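Okay, upload-v1.cif now, which holds mmCIF, C-alpha atoms:
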```
data_entry
#
loop_
_atom_site.group_PDB
_atom_site.id
_atom_site.type_symbol
_atom_site.label_atom_id
_atom_site.label_comp_id
_atom_site.auth_asym_id
_atom_site.auth_seq_id
_atom_site.Cartn_x
_atom_site.Cartn_y
_atom_site.Cartn_z
ATOM 1 C CA MET A 124 -0.290 3.130 13.556
ATOM 2 C CA SER A 125 -0.170 6.808 14.451
ATOM 3 C CA ARG A 126 -2.289 7.937 17.386
ATOM 4 C CA SER A 127 -4.026 10.620 15.338
ATOM 5 C CA TYR A 128 -5.024 8.078 12.672
ATOM 6 C CA ILE A 129 -6.364 5.635 15.283
ATOM 7 C CA LYS A 130 -8.258 8.440 17.036
ATOM 8 C CA ALA A 131 -9.832 9.641 13.778
ATOM 9 C CA ILE A 132 -10.931 6.126 12.818
ATOM 10 C CA LYS A 133 -12.441 5.484 16.264
ATOM 11 C CA GLU A 134 -14.350 8.776 16.122
ATOM 12 C CA CYS A 135 -15.656 8.293 12.567
ATOM 13 C CA LEU A 136 -16.096 4.511 12.573
ATOM 14 C CA PRO A 137 -16.510 3.410 16.214
ATOM 15 C CA ASP A 138 -17.749 -0.109 15.312
ATOM 16 C CA VAL A 139 -14.887 -0.901 12.933
ATOM 17 C CA GLU A 140 -11.925 -2.956 14.110
ATOM 18 C CA ILE A 141 -8.548 -1.526 13.127
ATOM 19 C CA VAL A 142 -6.164 -3.999 11.493
ATOM 20 C CA PHE A 143 -2.411 -3.420 11.391
ATOM 21 C CA ASP A 144 -1.173 -5.579 8.562
ATOM 22 C CA ARG A 145 2.158 -7.280 8.149
ATOM 23 C CA PHE A 146 3.529 -4.685 5.720
ATOM 24 C CA HIS A 147 3.325 -1.808 8.196
ATOM 25 C CA VAL A 148 4.619 -3.791 11.159
ATOM 26 C CA ILE A 149 7.604 -5.075 9.159
ATOM 27 C CA LYS A 150 8.257 -1.575 7.796
ATOM 28 C CA LEU A 151 8.482 -0.255 11.367
ATOM 29 C CA LEU A 152 10.788 -3.141 12.271
ATOM 30 C CA ASN A 153 12.999 -2.509 9.235
ATOM 31 C CA ASP A 154 13.228 1.165 10.192
ATOM 32 C CA ALA A 155 14.396 0.111 13.678
ATOM 33 C CA ILE A 156 16.964 -2.332 12.241
ATOM 34 C CA ASP A 157 18.260 0.346 9.883
ATOM 35 C CA GLU A 158 18.584 2.766 12.803
ATOM 36 C CA VAL A 159 20.690 0.141 14.650
ATOM 37 C CA ARG A 160 22.920 -0.112 11.565
ATOM 38 C CA LYS A 161 23.255 3.680 11.356
ATOM 39 C CA ARG A 162 24.194 3.962 15.032
ATOM 40 C CA ILE A 163 26.922 1.360 14.601
ATOM 41 C CA TYR A 164 28.137 3.035 11.389
ATOM 42 C CA GLN A 165 28.386 6.456 13.063
ATOM 43 C CA GLN A 166 30.640 5.080 15.792
ATOM 44 C CA LEU A 167 33.148 3.611 13.340
ATOM 45 C CA ASN A 168 36.220 5.256 11.883
ATOM 46 C CA GLN A 169 36.510 5.780 8.118
ATOM 47 C CA LYS A 170 38.437 2.546 7.530
ATOM 48 C CA SER A 171 36.007 0.358 9.506
ATOM 49 C CA ARG A 172 32.989 1.865 7.745
ATOM 50 C CA LYS A 173 33.945 0.143 4.488
ATOM 51 C CA ALA A 174 32.738 -3.228 5.817
ATOM 52 C CA LEU A 175 29.236 -1.807 6.408
ATOM 53 C CA LYS A 176 29.071 0.257 3.243
ATOM 54 C CA ASN A 177 26.178 -0.749 0.939
ATOM 55 C CA SER A 178 24.868 -3.278 3.476
ATOM 56 C CA ARG A 179 21.489 -1.687 4.218
ATOM 57 C CA PHE A 180 19.326 -3.675 1.796
ATOM 58 C CA LEU A 181 21.331 -6.809 2.432
ATOM 59 C CA ILE A 182 20.503 -6.613 6.152
ATOM 60 C CA LEU A 183 16.829 -5.809 5.504
ATOM 61 C CA ARG A 184 16.290 -8.561 2.929
ATOM 62 C CA ASN A 185 14.606 -11.834 3.923
ATOM 63 C CA SER A 186 17.166 -14.529 4.674
ATOM 64 C CA SER A 187 15.379 -16.894 2.261
ATOM 65 C CA ASN A 188 16.033 -14.441 -0.609
ATOM 66 C CA LEU A 189 19.783 -14.126 -0.051
ATOM 67 C CA LEU A 190 22.294 -15.511 -2.532
ATOM 68 C CA PRO A 191 25.158 -17.635 -1.111
ATOM 69 C CA GLU A 192 27.688 -14.801 -1.555
ATOM 70 C CA GLU A 193 25.310 -12.384 0.208
ATOM 71 C CA LYS A 194 24.947 -14.797 3.126
ATOM 72 C CA ALA A 195 28.727 -15.068 3.326
ATOM 73 C CA ARG A 196 29.071 -11.260 3.395
ATOM 74 C CA LEU A 197 26.439 -11.025 6.137
ATOM 75 C CA GLU A 198 28.313 -13.607 8.232
ATOM 76 C CA VAL A 199 31.485 -11.493 7.979
ATOM 77 C CA ILE A 200 29.542 -8.362 8.996
ATOM 78 C CA PHE A 201 27.893 -10.120 11.950
ATOM 79 C CA GLU A 202 31.233 -11.505 13.172
ATOM 80 C CA LYS A 203 32.599 -7.953 13.311
ATOM 81 C CA TYR A 204 29.430 -6.293 14.599
ATOM 82 C CA GLU A 205 27.642 -8.707 16.927
ATOM 83 C CA VAL A 206 24.884 -6.216 17.803
ATOM 84 C CA LEU A 207 23.882 -6.082 14.147
ATOM 85 C CA GLY A 208 23.754 -9.878 14.035
ATOM 86 C CA ILE A 209 21.479 -9.900 17.091
ATOM 87 C CA ALA A 210 19.220 -7.285 15.469
ATOM 88 C CA TYR A 211 19.065 -9.358 12.272
ATOM 89 C CA LEU A 212 18.072 -12.524 14.148
ATOM 90 C CA LEU A 213 15.398 -10.603 16.053
ATOM 91 C CA LYS A 214 14.036 -9.289 12.734
ATOM 92 C CA GLU A 215 13.823 -12.809 11.329
ATOM 93 C CA GLY A 216 12.042 -13.892 14.529
ATOM 94 C CA VAL A 217 9.252 -11.347 14.044
ATOM 95 C CA LYS A 218 8.848 -12.332 10.408
ATOM 96 C CA ALA A 219 8.494 -15.994 11.441
ATOM 97 C CA ILE A 220 5.644 -15.143 13.824
ATOM 98 C CA TRP A 221 3.473 -14.072 10.883
ATOM 99 C CA ASN A 222 3.568 -17.702 9.657
ATOM 100 C CA ILE A 223 1.944 -19.015 12.858
ATOM 101 C CA ARG A 224 -1.649 -19.943 12.070
ATOM 102 C CA SER A 225 -3.034 -19.981 15.594
ATOM 103 C CA PRO A 226 -3.853 -16.430 16.786
ATOM 104 C CA ILE A 227 -3.352 -17.477 20.422
ATOM 105 C CA LYS A 228 0.141 -18.832 19.722
ATOM 106 C CA ALA A 229 0.981 -15.838 17.521
ATOM 107 C CA ARG A 230 -0.047 -13.392 20.274
ATOM 108 C CA GLU A 231 2.036 -15.322 22.792
ATOM 109 C CA ALA A 232 5.015 -15.284 20.405
ATOM 110 C CA PHE A 233 4.726 -11.506 19.850
ATOM 111 C CA VAL A 234 4.528 -10.832 23.605
ATOM 112 C CA ASN A 235 7.481 -13.127 24.345
ATOM 113 C CA TRP A 236 9.523 -11.565 21.539
ATOM 114 C CA ALA A 237 8.829 -8.022 22.744
ATOM 115 C CA LEU A 238 9.546 -8.838 26.404
ATOM 116 C CA ASP A 239 12.795 -10.612 25.413
ATOM 117 C CA VAL A 240 13.921 -7.552 23.428
ATOM 118 C CA ILE A 241 13.036 -5.153 26.236
ATOM 119 C CA SER A 242 14.917 -7.324 28.755
ATOM 120 C CA LEU A 243 17.919 -7.645 26.429
ATOM 121 C CA VAL A 244 18.197 -3.903 25.801
ATOM 122 C CA ILE A 245 17.862 -3.109 29.519
ATOM 123 C CA ALA A 246 20.402 -5.805 30.494
ATOM 124 C CA GLU A 247 22.919 -4.839 27.799
ATOM 125 C CA ASP A 248 22.380 -1.097 28.332
ATOM 126 C CA ASN A 249 23.421 -0.665 24.710
ATOM 127 C CA ASP A 250 22.421 2.551 22.910
ATOM 128 C CA GLN A 251 22.745 0.828 19.557
ATOM 129 C CA LEU A 252 19.841 -1.529 20.354
ATOM 130 C CA LYS A 253 17.455 1.186 21.617
ATOM 131 C CA PRO A 254 15.524 1.413 18.315
ATOM 132 C CA LEU A 255 14.518 -2.242 18.821
ATOM 133 C CA TYR A 256 13.385 -1.402 22.353
ATOM 134 C CA SER A 257 11.118 1.319 20.912
ATOM 135 C CA PHE A 258 9.774 -1.091 18.290
ATOM 136 C CA ALA A 259 9.044 -3.724 20.980
ATOM 137 C CA ARG A 260 7.098 -1.151 23.007
ATOM 138 C CA THR A 261 5.127 -0.127 19.898
ATOM 139 C CA LEU A 262 4.386 -3.781 19.181
ATOM 140 C CA LEU A 263 2.966 -4.314 22.673
ATOM 141 C CA ASN A 264 0.958 -1.067 22.526
ATOM 142 C CA HIS A 265 -0.625 -2.024 19.187
ATOM 143 C CA LEU A 266 -0.994 -5.757 19.758
ATOM 144 C CA ASP A 267 -4.808 -5.794 19.495
ATOM 145 C CA GLY A 268 -4.671 -4.205 16.033
ATOM 146 C CA ILE A 269 -1.895 -6.559 14.956
ATOM 147 C CA MET A 270 -3.848 -9.587 16.173
ATOM 148 C CA ALA A 271 -6.917 -8.340 14.255
ATOM 149 C CA TYR A 272 -4.986 -9.388 11.140
ATOM 150 C CA TRP A 273 -5.426 -13.036 12.175
ATOM 151 C CA ARG A 274 -9.203 -12.522 12.410
ATOM 152 C CA HIS A 275 -9.685 -10.628 9.163
ATOM 153 C CA GLN A 276 -6.701 -11.615 6.971
ATOM 154 C CA ILE A 277 -6.826 -8.289 5.135
ATOM 155 C CA SER A 278 -4.093 -6.012 3.927
ATOM 156 C CA ASN A 279 -4.136 -2.519 2.527
ATOM 157 C CA GLY A 280 -1.594 -3.460 -0.147
ATOM 158 C CA ARG A 281 -4.029 -2.546 -2.950
ATOM 159 C CA ALA A 282 -4.738 0.839 -1.368
ATOM 160 C CA GLU A 283 -0.974 1.451 -1.082
ATOM 161 C CA GLY A 284 -0.579 0.508 -4.750
ATOM 162 C CA LEU A 285 -3.368 2.886 -5.744
ATOM 163 C CA ASN A 286 -1.792 5.662 -3.660
ATOM 164 C CA ASN A 287 1.493 5.125 -5.512
ATOM 165 C CA LYS A 288 -0.319 5.355 -8.867
ATOM 166 C CA ILE A 289 -1.932 8.624 -7.750
ATOM 167 C CA LYS A 290 1.453 10.002 -6.652
ATOM 168 C CA THR A 291 2.931 9.077 -10.036
ATOM 169 C CA LEU A 292 0.047 10.766 -11.840
ATOM 170 C CA LYS A 293 0.503 13.871 -9.648
ATOM 171 C CA ARG A 294 4.165 14.064 -10.633
ATOM 172 C CA GLN A 295 3.143 13.857 -14.284
ATOM 173 C CA ALA A 296 0.316 16.384 -13.786
ATOM 174 C CA TYR A 297 2.414 19.524 -14.039
ATOM 175 C CA GLY A 298 1.146 19.946 -17.593
ATOM 176 C CA PHE A 299 -2.543 19.644 -16.633
ATOM 177 C CA ARG A 300 -4.358 22.964 -16.921
ATOM 178 C CA ASP A 301 -6.988 22.449 -14.249
ATOM 179 C CA ASP A 302 -7.998 20.296 -11.279
ATOM 180 C CA ASP A 303 -11.084 18.945 -13.069
ATOM 181 C CA TYR A 304 -8.932 17.264 -15.713
ATOM 182 C CA PHE A 305 -6.698 15.807 -12.967
ATOM 183 C CA LYS A 306 -9.794 14.366 -11.234
ATOM 184 C CA LEU A 307 -10.981 12.925 -14.545
ATOM 185 C CA ARG A 308 -7.606 11.203 -14.985
ATOM 186 C CA LEU A 309 -7.911 9.803 -11.439
ATOM 187 C CA TYR A 310 -11.259 8.184 -12.281
ATOM 188 C CA HIS A 311 -9.602 6.372 -15.199
ATOM 189 C CA LEU A 312 -6.409 5.483 -13.383
ATOM 190 C CA HIS A 313 -7.435 1.864 -12.760
ATOM 191 C CA ALA A 314 -7.823 1.232 -16.492
ATOM 192 C CA GLN A 315 -4.465 2.752 -17.373
ATOM 193 C CA LYS A 316 -1.782 0.421 -18.644
ATOM 194 C CA HIS A 317 1.848 1.405 -18.148
ATOM 195 C CA ARG A 318 4.494 0.503 -20.702
ATOM 196 C CA LEU A 319 8.230 0.668 -20.574
ATOM 197 C CA SER A 320 9.715 2.801 -23.292
ATOM 198 C CA GLY A 321 11.680 1.093 -26.017
#
```
Hey, can you dump this file as structure tokens for me?
Amino acid sequence: MSRSYIKAIKECLPDVEIVFDRFHVIKLLNDAIDEVRKRIYQQLNQKSRKALKNSRFLILRNSSNLLPEEKARLEVIFEKYEVLGIAYLLKEGVKAIWNIRSPIKAREAFVNWALDVISLVIAEDNDQLKPLYSFARTLLNHLDGIMAYWRHQISNGRAEGLNNKIKTLKRQAYGFRDDDYFKLRLYHLHAQKHRLSG
């Protein structure tokens, strides 16, 4: 979603519609939620921090994937830190919008969500919620690309997976003597099978 990326695509491929898939939107949202958690954590004394310790992935996980004891721990956290509970509910709201089949209703839901968040942050004047304000602004600024997902139903998940394979091969490539051999390994990367040792 970076401006430079969008600019480069528009210059090189002016007739192509840019699609921002769910993965990248949710990643941005999770980053904002985690920043809210960090801001709350930084304002706590050492004793109070224990309640939030090791809660990052718990807060970022989908509510449908939580075990009963994890849900109970989250309830305790949200009772103590209401702002974090609000952020969590807002996160779940965005995730629910991706299940709406009608692009018109989905667009309306995204706009309403973003405007609600912006209004909430302005009304509360709470520094802890400002990362969500930034995310809401980004959402509105990139809404056309997000809505393109409903038209094309494509994701770059496979490209991300391939990029991760290339990064892994690069880490292992310290023993390769030349770039030509590395390129040759890249061409055969798709056929490579990975095994766990043992």
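If all atoms listed in the file are the atoms counted, then among A:Arg145, A:Leu285, A:Asp154, A:Arg196 the closest residue to Ala219 in chain A is A:Arg145.
Residues matched by the PyMOL selection byres ((chain A and resi 259-274) around 6) in this file: A:Ile141, A:Val142, A:Phe143, A:Asp144, A:Pro226, A:Ala237, A:Tyr256, A:Ser257, A:Phe258, A:His275, A:Gln276.
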Ground truth for the PyMOL selection byres ((chain A and resi 201) around 12), written as an mmCIF file with C-alpha atoms, keeping the file's coordinate frame:
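Generated file (part06.cif):
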```
data_model
loop_
_atom_site.group_PDB
_atom_site.id
_atom_site.type_symbol
_atom_site.label_atom_id
_atom_site.label_comp_id
_atom_site.auth_asym_id
_atom_site.auth_seq_id
_atom_site.Cartn_x
_atom_site.Cartn_y
_atom_site.Cartn_z
ATOM 1 C CA ARG A 160 22.920 -0.112 11.565
ATOM 2 C CA ILE A 163 26.922 1.360 14.601
ATOM 3 C CA ALA A 174 32.738 -3.228 5.817
ATOM 4 C CA LEU A 175 29.236 -1.807 6.408
ATOM 5 C CA SER A 178 24.868 -3.278 3.476
ATOM 6 C CA ILE A 182 20.503 -6.613 6.152
ATOM 7 C CA LYS A 194 24.947 -14.797 3.126
ATOM 8 C CA ALA A 195 28.727 -15.068 3.326
ATOM 9 C CA ARG A 196 29.071 -11.260 3.395
ATOM 10 C CA LEU A 197 26.439 -11.025 6.137
ATOM 11 C CA GLU A 198 28.313 -13.607 8.232
ATOM 12 C CA VAL A 199 31.485 -11.493 7.979
ATOM 13 C CA ILE A 200 29.542 -8.362 8.996
ATOM 14 C CA GLU A 202 31.233 -11.505 13.172
ATOM 15 C CA LYS A 203 32.599 -7.953 13.311
ATOM 16 C CA TYR A 204 29.430 -6.293 14.599
ATOM 17 C CA GLU A 205 27.642 -8.707 16.927
ATOM 18 C CA VAL A 206 24.884 -6.216 17.803
ATOM 19 C CA LEU A 207 23.882 -6.082 14.147
ATOM 20 C CA GLY A 208 23.754 -9.878 14.035
ATOM 21 C CA ILE A 209 21.479 -9.900 17.091
ATOM 22 C CA ALA A 210 19.220 -7.285 15.469
ATOM 23 C CA TYR A 211 19.065 -9.358 12.272
ATOM 24 C CA LEU A 212 18.072 -12.524 14.148
#
```
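What separates CA of Asn287 in chain A from CA of Leu312 in chain A is a distance of 11.2 Å.
What the PyMOL selection byres ((chain A and resi 183) around 9) grabs from this file is A:Asn153, A:Ile156, A:Asp157, A:Ser178, A:Arg179, A:Phe180, A:Leu181, A:Ile182, A:Arg184, A:Asn185, A:Ser186, A:Tyr211, A:Lys214.
CA of Trp236 in chain A is found 19.1 Å from CA of Glu158 in chain A.
Distance-wise, CA of Ile223 in chain A and CA of Phe146 in chain A end up 16.1 Å apart.
Across A:Lys130, A:Lys176, A:His147, A:Lys218, the tightest approach to Lys161 in chain A is made by A:Lys176 when counting only C-alpha atoms.
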